[in-house]
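Accompanying notes for the structure given below.
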Amino acid sequence: MNSGIPRKNDVAFILIDIQERFLPVIHNIETVIDNANKLVKGAEILKVPLIVTEQYPKGLGRTVDEINLSAGHEIIEKVSFDCFGCDRFTGKLEEIGVNSLVIFGIEAHVCVLKTALQAAARKYDTYVVADAVSSRTKENRTLALERLRQSGVFIVSTEMILFQLMDRSGTDEFKAISKLVK
């Protein structure tokens with residue numbers, strides 16, 4: 001069993017489907033966006049690769065402007081609920097070559113769930129950020145997190161995962177992450 005301690009040189013962040021059509025219907029979306037932005041910025045600070053996906057953008061819209069991606073950040077379009085069903089996604093993961101994935105976005109009980117379960121089945125150490133995922137209903141979010149926990153996926157918070165990826169205080173990274181989460 002994995003210790004559940006990710007290493008920043010062996011991890012990628014996966015932001016799943018925070019898109020325009022979902023915005024008005026997702027439970028607690030403001031918190032999800034706030035924490036997703038902390039993770040996006042944290043990935044930049046920690047120099048961790050960030051993969052961003054969109055589910056059928058023609059129908060569901062693009063990644064919302066509220067997500068602070070760097071200009072020109074690559075976004076992988078997909079139609080499969082499971083990100084691993086998309087060749088561009090799996091190709092990007094192979095290119096990056098990491099063993100741990102930190103997953104966040106929407107919807108918790110569909111694309112996040114299927115992607116995290118598939119990641120675990122493929123032997124990735126898999127972390128789902130509980131305060132950066134949601135669904136249309138609170139119940140579906142809760143059930144998704146319970147289901148993931150049953151399958152050995154690590155359930156973490158935004159702050160927890162950012163601090164787990166650092167070894168000590170006093171560094172420039174620590175100062176930047178501390179400022180980010182305040």
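Residue numbers start at 1 in each chain; chains themselves are named A, B, ... in the order of the structure tokens; ligands are numbered from 1 in the order shown.
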Handout entry: Exercise: Gln55 of chain A partners within 7 Å, only C-alpha atoms, chain neighbours under 3 positions left out, as a list in words
Key = Asp17, Leu60, Glu77, Lys78 and Val79 of chain A
Exercise for the section: Might you pull out every residue within 12 Å of Cys86 of chain A, with only C-alpha atoms counted and same-chain residues fewer than 3 positions away left off, and present them as number ranges by chain? Expected result: A: 53-56, 76-83, 89-93, 115
Handout entry: Those in chain A with helix (DSSP H, G or I) from DSSP, as number ranges by chain
Key = A: 8-10, 20-22, 29-46, 57-60, 83-85, 87-96, 108-121, 138-150, 158-164, 172-181
Could you pull the residues within 12 Å of Arg141 of chain A, counting only C-alpha atoms, minus those fewer than 2 positions along the same chain, as a PDB file with N, CA and C atoms, in the first residue's frame?
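Printed below is around.pdb as written:
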ATOM      1  N   ILE A  26     -23.972  23.709 -10.371  1.00  0.00           N
ATOM      2  CA  ILE A  26     -23.104  22.906  -9.497  1.00  0.00           C
ATOM      3  C   ILE A  26     -23.183  23.406  -8.058  1.00  0.00           C
ATOM      4  N   HIS A  27     -23.390  22.475  -7.143  1.00  0.00           N
ATOM      5  CA  HIS A  27     -23.435  22.774  -5.703  1.00  0.00           C
ATOM      6  C   HIS A  27     -22.110  23.396  -5.263  1.00  0.00           C
ATOM      7  N   ASN A  28     -22.178  24.534  -4.595  1.00  0.00           N
ATOM      8  CA  ASN A  28     -21.011  25.183  -3.983  1.00  0.00           C
ATOM      9  C   ASN A  28     -19.905  25.501  -4.999  1.00  0.00           C
ATOM     10  N   ILE A  29     -20.292  25.944  -6.187  1.00  0.00           N
ATOM     11  CA  ILE A  29     -19.331  26.163  -7.269  1.00  0.00           C
ATOM     12  C   ILE A  29     -18.298  27.242  -6.929  1.00  0.00           C
ATOM     13  N   VAL A  32     -15.460  25.640  -5.154  1.00  0.00           N
ATOM     14  CA  VAL A  32     -14.721  24.785  -6.091  1.00  0.00           C
ATOM     15  C   VAL A  32     -13.788  25.644  -6.946  1.00  0.00           C
ATOM     16  N   PHE A 104      -9.089  17.239  -9.524  1.00  0.00           N
ATOM     17  CA  PHE A 104     -10.126  18.139  -9.016  1.00  0.00           C
ATOM     18  C   PHE A 104     -10.973  18.633 -10.182  1.00  0.00           C
ATOM     19  N   GLY A 105     -12.182  19.136  -9.880  1.00  0.00           N
ATOM     20  CA  GLY A 105     -13.072  19.633 -10.914  1.00  0.00           C
ATOM     21  C   GLY A 105     -14.481  19.101 -10.740  1.00  0.00           C
ATOM     22  N   ILE A 106     -15.192  18.966 -11.869  1.00  0.00           N
ATOM     23  CA  ILE A 106     -16.586  18.544 -11.822  1.00  0.00           C
ATOM     24  C   ILE A 106     -16.883  17.581 -12.975  1.00  0.00           C
ATOM     25  N   GLU A 107     -17.903  16.808 -12.904  1.00  0.00           N
ATOM     26  CA  GLU A 107     -18.690  16.542 -11.723  1.00  0.00           C
ATOM     27  C   GLU A 107     -18.081  15.399 -10.937  1.00  0.00           C
ATOM     28  N   ALA A 108     -18.161  15.504  -9.629  1.00  0.00           N
ATOM     29  CA  ALA A 108     -17.510  14.534  -8.741  1.00  0.00           C
ATOM     30  C   ALA A 108     -17.957  13.101  -9.018  1.00  0.00           C
ATOM     31  N   HIS A 109     -19.248  12.917  -9.298  1.00  0.00           N
ATOM     32  CA  HIS A 109     -19.789  11.560  -9.433  1.00  0.00           C
ATOM     33  C   HIS A 109     -19.749  11.023 -10.865  1.00  0.00           C
ATOM     34  N   VAL A 110     -19.229  11.816 -11.799  1.00  0.00           N
ATOM     35  CA  VAL A 110     -19.169  11.358 -13.191  1.00  0.00           C
ATOM     36  C   VAL A 110     -17.698  11.370 -13.641  1.00  0.00           C
ATOM     37  N   CYS A 111     -17.246  12.444 -14.231  1.00  0.00           N
ATOM     38  CA  CYS A 111     -15.896  12.480 -14.827  1.00  0.00           C
ATOM     39  C   CYS A 111     -14.783  12.376 -13.790  1.00  0.00           C
ATOM     40  N   VAL A 112     -14.940  13.057 -12.655  1.00  0.00           N
ATOM     41  CA  VAL A 112     -13.910  12.957 -11.607  1.00  0.00           C
ATOM     42  C   VAL A 112     -13.852  11.524 -11.085  1.00  0.00           C
ATOM     43  N   LEU A 113     -14.998  10.944 -10.765  1.00  0.00           N
ATOM     44  CA  LEU A 113     -15.063   9.575 -10.244  1.00  0.00           C
ATOM     45  C   LEU A 113     -14.456   8.580 -11.227  1.00  0.00           C
ATOM     46  N   VAL A 128      -7.859  12.829  -4.721  1.00  0.00           N
ATOM     47  CA  VAL A 128      -8.967  13.685  -5.144  1.00  0.00           C
ATOM     48  C   VAL A 128      -9.132  14.774  -4.090  1.00  0.00           C
ATOM     49  N   VAL A 129      -9.177  16.013  -4.556  1.00  0.00           N
ATOM     50  CA  VAL A 129      -9.216  17.174  -3.669  1.00  0.00           C
ATOM     51  C   VAL A 129     -10.680  17.485  -3.334  1.00  0.00           C
ATOM     52  N   ALA A 130     -11.107  17.085  -2.134  1.00  0.00           N
ATOM     53  CA  ALA A 130     -12.518  17.137  -1.747  1.00  0.00           C
ATOM     54  C   ALA A 130     -13.117  18.544  -1.807  1.00  0.00           C
ATOM     55  N   ASP A 131     -12.353  19.562  -1.422  1.00  0.00           N
ATOM     56  CA  ASP A 131     -12.914  20.916  -1.422  1.00  0.00           C
ATOM     57  C   ASP A 131     -12.750  21.610  -2.775  1.00  0.00           C
ATOM     58  N   ALA A 132     -12.316  20.865  -3.786  1.00  0.00           N
ATOM     59  CA  ALA A 132     -12.206  21.404  -5.143  1.00  0.00           C
ATOM     60  C   ALA A 132     -12.941  20.508  -6.146  1.00  0.00           C
ATOM     61  N   VAL A 133     -13.912  19.724  -5.654  1.00  0.00           N
ATOM     62  CA  VAL A 133     -14.793  18.928  -6.513  1.00  0.00           C
ATOM     63  C   VAL A 133     -16.237  19.129  -6.068  1.00  0.00           C
ATOM     64  N   SER A 134     -17.142  18.991  -7.018  1.00  0.00           N
ATOM     65  CA  SER A 134     -18.555  19.031  -6.673  1.00  0.00           C
ATOM     66  C   SER A 134     -19.375  18.424  -7.802  1.00  0.00           C
ATOM     67  N   SER A 135     -20.679  18.358  -7.537  1.00  0.00           N
ATOM     68  CA  SER A 135     -21.665  17.852  -8.493  1.00  0.00           C
ATOM     69  C   SER A 135     -22.881  18.764  -8.428  1.00  0.00           C
ATOM     70  N   ARG A 136     -23.872  18.451  -9.230  1.00  0.00           N
ATOM     71  CA  ARG A 136     -25.095  19.244  -9.165  1.00  0.00           C
ATOM     72  C   ARG A 136     -25.755  19.131  -7.795  1.00  0.00           C
ATOM     73  N   THR A 137     -25.647  17.956  -7.168  1.00  0.00           N
ATOM     74  CA  THR A 137     -26.222  17.806  -5.830  1.00  0.00           C
ATOM     75  C   THR A 137     -25.132  17.476  -4.821  1.00  0.00           C
ATOM     76  N   LYS A 138     -25.345  17.922  -3.602  1.00  0.00           N
ATOM     77  CA  LYS A 138     -24.417  17.626  -2.506  1.00  0.00           C
ATOM     78  C   LYS A 138     -24.330  16.112  -2.284  1.00  0.00           C
ATOM     79  N   GLU A 139     -25.463  15.421  -2.430  1.00  0.00           N
ATOM     80  CA  GLU A 139     -25.506  13.974  -2.211  1.00  0.00           C
ATOM     81  C   GLU A 139     -24.600  13.232  -3.197  1.00  0.00           C
ATOM     82  N   LEU A 143     -21.439  10.947  -2.132  1.00  0.00           N
ATOM     83  CA  LEU A 143     -21.364   9.541  -2.537  1.00  0.00           C
ATOM     84  C   LEU A 143     -20.130   9.265  -3.389  1.00  0.00           C
ATOM     85  N   ALA A 144     -19.775  10.194  -4.259  1.00  0.00           N
ATOM     86  CA  ALA A 144     -18.573  10.008  -5.085  1.00  0.00           C
ATOM     87  C   ALA A 144     -17.331   9.912  -4.213  1.00  0.00           C
ATOM     88  N   LEU A 145     -17.211  10.799  -3.221  1.00  0.00           N
ATOM     89  CA  LEU A 145     -16.037  10.764  -2.340  1.00  0.00           C
ATOM     90  C   LEU A 145     -15.999   9.473  -1.524  1.00  0.00           C
ATOM     91  N   GLU A 146     -17.164   9.010  -1.073  1.00  0.00           N
ATOM     92  CA  GLU A 146     -17.224   7.730  -0.340  1.00  0.00           C
ATOM     93  C   GLU A 146     -16.804   6.580  -1.247  1.00  0.00           C
ATOM     94  N   ARG A 147     -17.294   6.583  -2.474  1.00  0.00           N
ATOM     95  CA  ARG A 147     -16.965   5.520  -3.431  1.00  0.00           C
ATOM     96  C   ARG A 147     -15.465   5.519  -3.740  1.00  0.00           C
ATOM     97  N   LEU A 148     -14.892   6.681  -3.909  1.00  0.00           N
ATOM     98  CA  LEU A 148     -13.452   6.776  -4.174  1.00  0.00           C
ATOM     99  C   LEU A 148     -12.639   6.258  -2.994  1.00  0.00           C
TER     100      LEU A 148
END
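If you measure from each of A:Ala43, A:Ile161, A:Ile33, A:Ile5 to Asp125 of chain A using only C-alpha atoms, the closest one turns out to be A:Ile5.
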Exercise for the section: Mind checking which residues fall within 12 Å of Gly152 of chain A, counting only C-alpha atoms, ignoring those fewer than 2 positions away in the same chain, and posting them as a ChimeraX atom specification? Expected result: /A:1-4,116-121,123-128,145-150,154-155
Write out as a short mmCIF file (atom, residue, chain, number, x, y, z; two decimals) with all heavy atoms, in the first residue's frame each polymer residue whose atoms come within 12 Å of Leu180 of chain A, counting only C-alpha atoms; drop sequence neighbours fewer than 6 positions from it.
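Dumped everything to selection_31.cif:
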data_model
loop_
_atom_site.label_atom_id
_atom_site.label_comp_id
_atom_site.auth_asym_id
_atom_site.auth_seq_id
_atom_site.Cartn_x
_atom_site.Cartn_y
_atom_site.Cartn_z
N ASP A 34 -12.67 28.72 -6.32
CA ASP A 34 -11.65 29.33 -5.46
C ASP A 34 -10.50 28.34 -5.20
O ASP A 34 -9.32 28.67 -5.35
CB ASP A 34 -12.28 29.81 -4.16
CG ASP A 34 -11.28 30.49 -3.25
OD1 ASP A 34 -10.58 31.42 -3.71
OD2 ASP A 34 -11.19 30.10 -2.06
N ASN A 35 -10.85 27.12 -4.81
CA ASN A 35 -9.83 26.12 -4.51
C ASN A 35 -9.13 25.61 -5.77
O ASN A 35 -7.92 25.35 -5.75
CB ASN A 35 -10.42 24.97 -3.70
CG ASN A 35 -10.69 25.41 -2.28
OD1 ASN A 35 -9.91 26.17 -1.69
ND2 ASN A 35 -11.80 24.96 -1.72
N ALA A 36 -9.85 25.51 -6.87
CA ALA A 36 -9.22 25.13 -8.14
C ALA A 36 -8.16 26.17 -8.51
O ALA A 36 -7.07 25.81 -8.96
CB ALA A 36 -10.26 24.99 -9.24
N ASN A 37 -8.47 27.44 -8.32
CA ASN A 37 -7.48 28.48 -8.62
C ASN A 37 -6.25 28.40 -7.71
O ASN A 37 -5.14 28.64 -8.16
CB ASN A 37 -8.12 29.87 -8.55
CG ASN A 37 -8.83 30.22 -9.83
OD1 ASN A 37 -8.38 29.88 -10.91
ND2 ASN A 37 -9.96 30.90 -9.71
N LYS A 38 -6.46 28.04 -6.46
CA LYS A 38 -5.32 27.84 -5.56
C LYS A 38 -4.45 26.69 -6.05
O LYS A 38 -3.22 26.76 -6.01
CB LYS A 38 -5.80 27.57 -4.13
CG LYS A 38 -6.38 28.80 -3.45
CD LYS A 38 -6.94 28.46 -2.08
CE LYS A 38 -7.60 29.70 -1.47
NZ LYS A 38 -8.32 29.38 -0.24
N LEU A 39 -5.10 25.63 -6.53
CA LEU A 39 -4.34 24.49 -7.05
C LEU A 39 -3.63 24.83 -8.35
O LEU A 39 -2.47 24.41 -8.56
CB LEU A 39 -5.28 23.29 -7.23
CG LEU A 39 -5.79 22.70 -5.91
CD1 LEU A 39 -7.01 21.83 -6.14
CD2 LEU A 39 -4.70 21.94 -5.18
N VAL A 40 -4.28 25.58 -9.22
CA VAL A 40 -3.64 26.02 -10.48
C VAL A 40 -2.40 26.86 -10.16
O VAL A 40 -1.32 26.63 -10.70
CB VAL A 40 -4.64 26.80 -11.36
CG1 VAL A 40 -3.94 27.53 -12.50
CG2 VAL A 40 -5.72 25.85 -11.90
N LYS A 41 -2.55 27.83 -9.27
CA LYS A 41 -1.42 28.69 -8.88
C LYS A 41 -0.37 27.87 -8.13
O LYS A 41 0.83 28.04 -8.33
CB LYS A 41 -1.93 29.85 -8.03
CG LYS A 41 -0.83 30.83 -7.63
CD LYS A 41 -0.25 31.55 -8.82
CE LYS A 41 0.77 32.58 -8.39
NZ LYS A 41 1.49 33.15 -9.53
N GLY A 42 -0.83 26.96 -7.25
CA GLY A 42 0.09 26.10 -6.52
C GLY A 42 0.92 25.23 -7.45
O GLY A 42 2.12 25.04 -7.24
N ALA A 43 0.30 24.72 -8.51
CA ALA A 43 1.04 23.92 -9.49
C ALA A 43 2.14 24.76 -10.14
O ALA A 43 3.26 24.29 -10.33
CB ALA A 43 0.08 23.38 -10.56
N GLU A 44 1.82 26.01 -10.43
CA GLU A 44 2.81 26.92 -11.02
C GLU A 44 3.96 27.17 -10.05
O GLU A 44 5.13 27.06 -10.42
CB GLU A 44 2.12 28.23 -11.38
CG GLU A 44 3.01 29.26 -12.02
CD GLU A 44 2.27 30.57 -12.26
OE1 GLU A 44 1.12 30.53 -12.73
OE2 GLU A 44 2.85 31.63 -11.95
N ILE A 45 3.63 27.46 -8.80
CA ILE A 45 4.65 27.74 -7.78
C ILE A 45 5.56 26.52 -7.57
O ILE A 45 6.78 26.65 -7.49
CB ILE A 45 3.99 28.14 -6.44
CG1 ILE A 45 3.30 29.51 -6.57
CG2 ILE A 45 5.00 28.15 -5.30
CD1 ILE A 45 2.34 29.84 -5.42
N THR A 158 -7.41 21.05 -0.47
CA THR A 158 -6.50 21.90 -1.24
C THR A 158 -5.24 22.20 -0.44
O THR A 158 -4.12 21.97 -0.91
CB THR A 158 -7.22 23.22 -1.62
OG1 THR A 158 -8.32 22.89 -2.48
CG2 THR A 158 -6.29 24.18 -2.32
N GLU A 159 -5.43 22.67 0.76
CA GLU A 159 -4.28 23.05 1.59
C GLU A 159 -3.43 21.82 1.94
O GLU A 159 -2.20 21.88 1.91
CB GLU A 159 -4.78 23.74 2.86
CG GLU A 159 -3.73 24.54 3.56
CD GLU A 159 -4.28 25.46 4.63
OE1 GLU A 159 -5.36 26.05 4.45
OE2 GLU A 159 -3.60 25.59 5.66
N LEU A 162 -1.23 20.78 -1.11
CA LEU A 162 -0.17 21.76 -1.39
C LEU A 162 0.96 21.65 -0.38
O LEU A 162 2.13 21.68 -0.74
CB LEU A 162 -0.75 23.17 -1.45
CG LEU A 162 -1.64 23.46 -2.66
CD1 LEU A 162 -2.31 24.82 -2.52
CD2 LEU A 162 -0.87 23.36 -3.97
N PHE A 163 0.60 21.49 0.90
CA PHE A 163 1.65 21.37 1.93
C PHE A 163 2.32 20.01 1.90
O PHE A 163 3.50 19.88 2.23
CB PHE A 163 1.10 21.72 3.32
CG PHE A 163 1.01 23.20 3.54
CD1 PHE A 163 -0.17 23.88 3.34
CD2 PHE A 163 2.13 23.93 3.93
CE1 PHE A 163 -0.25 25.25 3.52
CE2 PHE A 163 2.06 25.30 4.11
CZ PHE A 163 0.87 25.97 3.91
N GLU A 173 9.06 28.64 -2.02
CA GLU A 173 7.83 27.91 -2.32
C GLU A 173 6.89 27.94 -1.12
O GLU A 173 5.69 28.18 -1.27
CB GLU A 173 8.14 26.46 -2.68
CG GLU A 173 8.71 26.27 -4.04
CD GLU A 173 9.01 24.79 -4.32
OE1 GLU A 173 9.05 23.97 -3.37
OE2 GLU A 173 9.21 24.46 -5.50
N PHE A 174 7.42 27.66 0.06
CA PHE A 174 6.59 27.65 1.26
C PHE A 174 5.94 29.02 1.48
O PHE A 174 4.75 29.11 1.76
CB PHE A 174 7.43 27.27 2.50
CG PHE A 174 6.68 27.45 3.79
CD1 PHE A 174 5.76 26.51 4.21
CD2 PHE A 174 6.88 28.57 4.56
CE1 PHE A 174 5.04 26.70 5.40
CE2 PHE A 174 6.18 28.77 5.74
CZ PHE A 174 5.26 27.82 6.17
#
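Atom pair atom CA of Ile18 of chain A / atom CA of Lys175 of chain A has a distance of 28.0 Å (rounded to one decimal).
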Problem - Every residue of segment 75-105 of chain A that DSSP places in strand (DSSP E), as a ChimeraX atom specification - result: /A:75-78,100-105
